[in-house]
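Colleague: My questions will all concern the structure given below.
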Amino acid sequence: MEPQERIGLASLTKMAFDGVDLQPLRNELLSKVFTGKDADGIFMDLSVIDQLQGNRAAGLAWQDEALKRQRIFSTQKTDGARTKLLVFAEPSHIGGNTPIEFLLQGADVEILTYYLNVESDEQIDLPAHDVAFCAAPADSVKAEAFQDKVRALTAAVGTKVVNLPDGQVDLERDSLEAMFAGKAGLTLPKTQRFDRWELEGTAAEDSLAALGDYPYVVRPVGSHAGEGLVLIESRDALSDYLFERTEAAFFVSEFIRYATPEDGFYRKYRVIFVDGQPFPCHMAIADQWDLWYLNARMEEFAEKRAEESAWMDSFERRFATRHEDGFGALTDAIDLDYFGVDCAEDPEGNLVVFEADNALIVHDMDDEEVFPYKSKHMKRIFNAFEALLEKNRRAETSEETADKSPTRRLS
């Protein structure tokens with residue numbers, strides 16, 4: 001199956017982030033569909049554009065149409081690219097898989113993305129590549145089947161797959177909390193998963209009590225970026241919330257008051273781990289507990305940006321040193337070459353981990369005039385990621401060379 005070229009997620013997202021009107025490009029792509037060349041690649045770009053414009057359903061419909069005929073797509077294609085990276089991805093919305101294209105923008109790497117169908121028994125010939133990467137979300141319901149499929153596809157050719165764990169890595173919120181229970185200096189909100197019917201009746205009362213008293217943080221299973229996230233203050237409020245939602249299952253967590261006592265502000269950090277090394281990604285500061293970078297409006301407050309800059313610049317000698325044991329526990333238990341965490345510090349100085357994920361967004365799209373301090377730190381992450389791929393590419397090349405060397409005779 002010959003890969004079809006596409007513009008790709010990172011380039012299109014950067015255009016939207018910069019305020020470019022994508023509608024003319026969308027119209028142009030639609031007109032090119034009828035030429036027949038790389039039509040499915042065009043469908044994949046239309047999928048991204050529609051999702052960026054807020055129409056996820058239409059975007060996923062374009063993707064479904066493309067994947068009926070084509071499974072492998074190429075971005076960053078150049079003549080004689082130093083490295084060909086084969087990425088195993090799950091058919092998903094634009095935030096579902098590890099954001100490989102953002103991590104490798106400008107690198108001399110052609111990205112061949114294979115959208116794998118775990119339900120199919122089809123064995124395809126993989127395109128020529130130097131190293132591979134498993135980008136499917138580790139918290140997906142299909143994660144175990146997906147990883148098994150990748151192992152089956154690559155076993156015959158001996159491909160080294162970066163971020164393919166030896167066993168199953170369960171990063172769901174309730175499993176993550178159980179994984180690190182009792183680890184000194186590391187706190188995760190007590191979390192349990194409930195089916196809707198349990199929360200609608202009285203079956204969950206004892207389990208809820210085990211999380212502590214109200215308030216609880218509630219979110220639909222599988223949601224990210226604050227979708228459906230609320231703070232529930234009472235049983236009546238929980239009933240009202242369930243009446244407004246349609247999901248079948250929810251995570252309920254204890255509410256950890258992580259505001260800084262001195263000023264009452266909440267501070268949430270994103271830390272990225274590449275080959276075991278932690279890197280600062282961003283710091284969000286706001287007077288609200290349900291905090292992520294976009295709603296912190298960091299671009300509006302020079303004093304917040306100054307604090308973020310100081311945190312990033314001093315990260316290795318301060319934050320990372322202070323939480324060295326917690327970071328070590330995370331990298332030891334989470335068998336991934338690349339992942340990230342959203343975290344905070346509680347008033348006692350413990351590292352509070354809200355989420356661990358291999359698909360957290362990492363980018364260098366911020367306005368350099370407003371955020372002049374960020375680009376150098378993003379480049380450190382990107383360089384470390386490229387070095388991770390290169391290390392594994394060389395290891396694979398060395399193994400291939402060893403396999404081709406003459407077999408020593410035994411006397």
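Going through the structure tokens in order, the chains are called A, B, and so on, while each chain numbers its residues from 1 and the ligands are numbered from 1 in the order shown.
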Write out as a ChimeraX atom specification the set of residues from stretch 76-231 of chain A that DSSP, computed on the backbone, places in helix (DSSP H, G or I).
Modeller: /A:100-103,143-155,173-179,196-200,205-210
Colleague: Would you write out, as JSON lines, a table of all residues in stretch 282-367 of chain A that have an atom no more than 10 Å from an atom of stretch 210-231 of chain A, listing for each the closest atom pair and the distance in Å to one decimal, considering only C-alpha atoms and ordering rows by chain and rising residue number?
Modeller:
{"residue": "A:Trp289", "atom": "CA", "partner": "A:Leu231", "partner_atom": "CA", "distance": 9.1}
{"residue": "A:Asp290", "atom": "CA", "partner": "A:Gly226", "partner_atom": "CA", "distance": 7.3}
{"residue": "A:Leu291", "atom": "CA", "partner": "A:Gly226", "partner_atom": "CA", "distance": 8.2}
{"residue": "A:Trp292", "atom": "CA", "partner": "A:Ala225", "partner_atom": "CA", "distance": 7.2}
{"residue": "A:Tyr293", "atom": "CA", "partner": "A:Ala225", "partner_atom": "CA", "distance": 9.5}
{"residue": "A:Leu294", "atom": "CA", "partner": "A:Ala225", "partner_atom": "CA", "distance": 9.5}
{"residue": "A:Glu355", "atom": "CA", "partner": "A:His224", "partner_atom": "CA", "distance": 9.7}
{"residue": "A:Leu360", "atom": "CA", "partner": "A:His224", "partner_atom": "CA", "distance": 9.7}
Colleague: Can you spit out the residues from that selection as a CSV table (one decimal), in the first residue's frame, using N, CA, C and O atoms?
Modeller:
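Final file, part-v1.csv:
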chain,number,residue,atom,x,y,z
A,289,TRP,N,-10.0,26.2,40.2
A,289,TRP,CA,-9.4,24.8,40.4
A,289,TRP,C,-9.4,24.1,39.0
A,289,TRP,O,-8.5,23.2,38.8
A,290,ASP,N,-10.4,24.2,38.2
A,290,ASP,CA,-10.5,23.5,36.9
A,290,ASP,C,-9.7,24.2,35.9
A,290,ASP,O,-10.2,25.0,35.1
A,291,LEU,N,-8.4,23.9,35.9
A,291,LEU,CA,-7.4,24.7,35.3
A,291,LEU,C,-6.7,24.0,34.2
A,291,LEU,O,-6.3,22.8,34.4
A,292,TRP,N,-6.6,24.5,33.0
A,292,TRP,CA,-5.7,24.1,32.0
A,292,TRP,C,-5.1,25.3,31.3
A,292,TRP,O,-5.6,26.4,31.6
A,293,TYR,N,-4.2,25.1,30.4
A,293,TYR,CA,-3.4,26.3,29.9
A,293,TYR,C,-4.3,27.3,29.2
A,293,TYR,O,-4.1,28.5,29.4
A,294,LEU,N,-5.2,26.9,28.4
A,294,LEU,CA,-6.0,27.8,27.6
A,294,LEU,C,-6.9,28.7,28.5
A,294,LEU,O,-7.0,29.9,28.3
A,355,GLU,N,-3.1,13.5,36.0
A,355,GLU,CA,-3.2,12.7,34.7
A,355,GLU,C,-1.8,12.4,34.2
A,355,GLU,O,-0.9,13.2,34.3
A,360,LEU,N,-0.6,13.8,25.4
A,360,LEU,CA,-0.7,15.2,25.8
A,360,LEU,C,-0.1,16.1,24.7
A,360,LEU,O,1.0,15.8,24.2
Colleague: Write out as an NGL selection string all residues of stretch 146-192 of chain A that backbone DSSP assigns to strand (DSSP E or B).
Modeller: :A and (161-162 or 186-187 or 191-192)
Colleague: Need to verify the contact set: A:Gly326, 10 Å, only C-alpha atoms, exclusion of same-chain residues closer than 3 positions in sequence. Can you return it as a short mmCIF file (atom, residue, chain, number, x, y, z; two decimals) with all heavy atoms, in the first residue's frame?
Modeller:
data_model
loop_
_atom_site.label_atom_id
_atom_site.label_comp_id
_atom_site.auth_asym_id
_atom_site.auth_seq_id
_atom_site.Cartn_x
_atom_site.Cartn_y
_atom_site.Cartn_z
N PHE A 180 0.09 4.09 42.37
CA PHE A 180 1.05 4.87 43.14
C PHE A 180 0.61 5.11 44.58
O PHE A 180 1.16 5.96 45.27
CB PHE A 180 1.30 6.21 42.45
CG PHE A 180 1.96 6.06 41.11
CD1 PHE A 180 1.23 6.19 39.94
CD2 PHE A 180 3.30 5.76 41.02
CE1 PHE A 180 1.84 6.05 38.70
CE2 PHE A 180 3.92 5.61 39.79
CZ PHE A 180 3.19 5.75 38.63
N LYS A 183 3.12 5.91 47.73
CA LYS A 183 4.44 6.39 47.33
C LYS A 183 4.74 7.73 48.01
O LYS A 183 3.98 8.69 47.87
CB LYS A 183 4.51 6.57 45.81
CG LYS A 183 4.45 5.27 45.01
CD LYS A 183 5.75 4.49 45.13
CE LYS A 183 5.72 3.25 44.25
NZ LYS A 183 6.96 2.47 44.36
N ALA A 184 5.83 7.79 48.76
CA ALA A 184 6.18 9.00 49.50
C ALA A 184 6.40 10.16 48.55
O ALA A 184 7.07 10.03 47.52
CB ALA A 184 7.44 8.74 50.33
N GLY A 185 5.83 11.32 48.90
CA GLY A 185 6.02 12.53 48.11
C GLY A 185 5.18 12.60 46.86
O GLY A 185 5.28 13.56 46.09
N LEU A 186 4.34 11.59 46.63
CA LEU A 186 3.54 11.52 45.42
C LEU A 186 2.08 11.32 45.80
O LEU A 186 1.74 10.38 46.52
CB LEU A 186 4.02 10.36 44.54
CG LEU A 186 3.60 10.31 43.08
CD1 LEU A 186 4.07 11.54 42.34
CD2 LEU A 186 4.18 9.06 42.42
N THR A 187 1.21 12.22 45.34
CA THR A 187 -0.20 12.15 45.68
C THR A 187 -1.04 12.10 44.41
O THR A 187 -0.82 12.89 43.50
CB THR A 187 -0.63 13.37 46.52
OG1 THR A 187 0.10 13.39 47.75
CG2 THR A 187 -2.12 13.33 46.83
N ALA A 320 12.44 19.76 39.48
CA ALA A 320 12.80 18.37 39.20
C ALA A 320 13.60 17.77 40.35
O ALA A 320 13.44 16.58 40.67
CB ALA A 320 13.57 18.26 37.90
N THR A 321 14.44 18.56 40.97
CA THR A 321 15.22 18.07 42.12
C THR A 321 14.31 17.82 43.31
O THR A 321 14.43 16.81 44.01
CB THR A 321 16.31 19.09 42.49
OG1 THR A 321 17.21 19.23 41.39
CG2 THR A 321 17.09 18.63 43.71
N ARG A 322 13.38 18.75 43.53
CA ARG A 322 12.44 18.61 44.66
C ARG A 322 11.58 17.36 44.53
O ARG A 322 11.24 16.73 45.53
CB ARG A 322 11.57 19.87 44.71
CG ARG A 322 10.77 20.03 45.98
CD ARG A 322 10.37 21.49 46.19
NE ARG A 322 9.48 22.02 45.17
CZ ARG A 322 9.79 23.03 44.34
NH1 ARG A 322 11.00 23.59 44.41
NH2 ARG A 322 8.92 23.47 43.46
N HIS A 323 11.25 17.01 43.29
CA HIS A 323 10.36 15.86 43.07
C HIS A 323 11.08 14.71 42.37
O HIS A 323 10.46 13.92 41.66
CB HIS A 323 9.16 16.31 42.24
CG HIS A 323 8.33 17.35 42.92
ND1 HIS A 323 7.67 17.13 44.10
CD2 HIS A 323 8.10 18.66 42.60
CE1 HIS A 323 7.05 18.23 44.49
NE2 HIS A 323 7.29 19.17 43.60
N ALA A 329 9.54 7.41 40.52
CA ALA A 329 8.46 6.43 40.67
C ALA A 329 7.59 6.39 39.42
O ALA A 329 7.15 5.32 38.97
CB ALA A 329 7.62 6.77 41.90
N LEU A 330 7.32 7.55 38.83
CA LEU A 330 6.51 7.61 37.61
C LEU A 330 7.18 6.89 36.45
O LEU A 330 6.56 6.07 35.77
CB LEU A 330 6.23 9.06 37.23
CG LEU A 330 5.27 9.84 38.14
CD1 LEU A 330 5.35 11.34 37.82
CD2 LEU A 330 3.84 9.34 37.96
N THR A 331 8.44 7.18 36.21
CA THR A 331 9.12 6.58 35.06
C THR A 331 9.37 5.08 35.27
O THR A 331 9.37 4.31 34.30
CB THR A 331 10.46 7.29 34.78
OG1 THR A 331 11.26 7.32 35.97
CG2 THR A 331 10.21 8.72 34.32
N ASP A 332 9.56 4.67 36.52
CA ASP A 332 9.75 3.24 36.79
C ASP A 332 8.47 2.44 36.54
O ASP A 332 8.51 1.33 35.99
CB ASP A 332 10.21 3.02 38.24
CG ASP A 332 11.65 3.45 38.48
OD1 ASP A 332 12.38 3.64 37.48
OD2 ASP A 332 12.04 3.59 39.66
N ASN A 350 3.84 17.92 48.40
CA ASN A 350 3.78 16.69 47.62
C ASN A 350 3.49 16.99 46.16
O ASN A 350 2.81 17.98 45.84
CB ASN A 350 2.70 15.76 48.18
CG ASN A 350 2.96 15.32 49.59
OD1 ASN A 350 4.00 14.74 49.89
ND2 ASN A 350 2.02 15.61 50.49
N LEU A 351 3.97 16.13 45.29
CA LEU A 351 3.64 16.24 43.88
C LEU A 351 2.27 15.59 43.66
O LEU A 351 2.09 14.39 43.90
CB LEU A 351 4.69 15.54 43.02
CG LEU A 351 4.50 15.65 41.50
CD1 LEU A 351 4.80 17.07 41.03
CD2 LEU A 351 5.40 14.65 40.76
N VAL A 352 1.31 16.38 43.21
CA VAL A 352 -0.04 15.88 42.95
C VAL A 352 -0.17 15.61 41.45
O VAL A 352 -0.05 16.54 40.65
CB VAL A 352 -1.11 16.90 43.40
CG1 VAL A 352 -2.51 16.34 43.14
CG2 VAL A 352 -0.94 17.26 44.87
N VAL A 353 -0.40 14.38 41.08
CA VAL A 353 -0.51 14.00 39.67
C VAL A 353 -1.97 13.79 39.34
O VAL A 353 -2.63 12.92 39.89
CB VAL A 353 0.31 12.73 39.37
CG1 VAL A 353 0.11 12.31 37.91
CG2 VAL A 353 1.78 12.96 39.66
#
Colleague: Name the closest residue to A:Leu336 among the candidates A:Val362, A:Asp174, A:Gly167, A:Ser239; distances are taken between atoms, counting only C-alpha atoms.
Modeller: A:Gly167
Colleague: So that I can check the surroundings of stretch 276-286 of chain A, please list as an MDAnalysis selection string every protein, DNA and RNA residue that reaches within 8 Å of it, counting only C-alpha atoms and ignoring chain neighbours fewer than 3 positions away.
Modeller: chainID A and resid 265:273 289 291:293 296 298 304 308 311:312 315 320 327 331 337:338 362 377:378 380:381
Colleague: Between A:Glu122, A:Glu303, A:Glu386, A:Glu345, which is the closest to A:Lys149 once you count only C-alpha atoms?
Modeller: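 Closest to A:Lys149, using only C-alpha atoms: A:Glu122.
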Colleague: One number please: atom CA of A:Ala248 to atom CA of A:Arg196, in Å, one decimal.
Modeller: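 Atom CA of A:Arg196 lies at a distance of 5.3 Å from atom CA of A:Ala248.
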Colleague: For each of A:Met365, A:Ala356, A:Ile7, A:Ile232, take the minimum atom-to-atom distance to A:Asp342, counting only C-alpha atoms, then give the residue where this is smallest.
Modeller: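 Once distances to A:Asp342 are computed over only C-alpha atoms, the minimum belongs to A:Ala356.
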Colleague: A:Leu67: which residues within 10 Å, counting only C-alpha atoms, same-chain residues fewer than 4 positions away excluded, as a list of chain:residue names?
Modeller: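 The contact residues come out as A:Asp40, A:Gly41, A:Phe43, A:Met44, A:Ala61, A:Trp62, A:Gln63, A:Arg71, A:Ile72, A:Pro91, A:Tyr115, A:Leu116, A:Asn117.
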Colleague: By how many Å are atom CA of A:Phe243 and atom CA of A:Ala204 apart?
Modeller: 16.7 Å
Colleague: Using only C-alpha atoms, determine which residues lie at most 8 Å from A:Asp335, disregarding the query and same-chain residues fewer than 5 positions distant; provide the list as a PyMOL selection string.
Modeller: chain A and resi 165-166+169
Colleague: I need the residue nearest A:Ser175 from this list: A:Phe251, A:Ala156, A:Val370, A:Thr113. Use only C-alpha atoms for the distance.
Modeller: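 Among the listed residues, A:Phe251 lies closest to A:Ser175.
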Colleague: In Å, rounded to a single decimal, give me how far atom CA of A:Glu348 is from atom CA of A:Ala333.
Modeller: 23.7 Å
Colleague: Restricting the calculation to only C-alpha atoms: of A:Phe102, A:Tyr258, A:Tyr114, A:Phe250, which residue gets closest to A:Phe354?
Modeller: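 Distance minimum relative to A:Phe354 lands on A:Tyr258.
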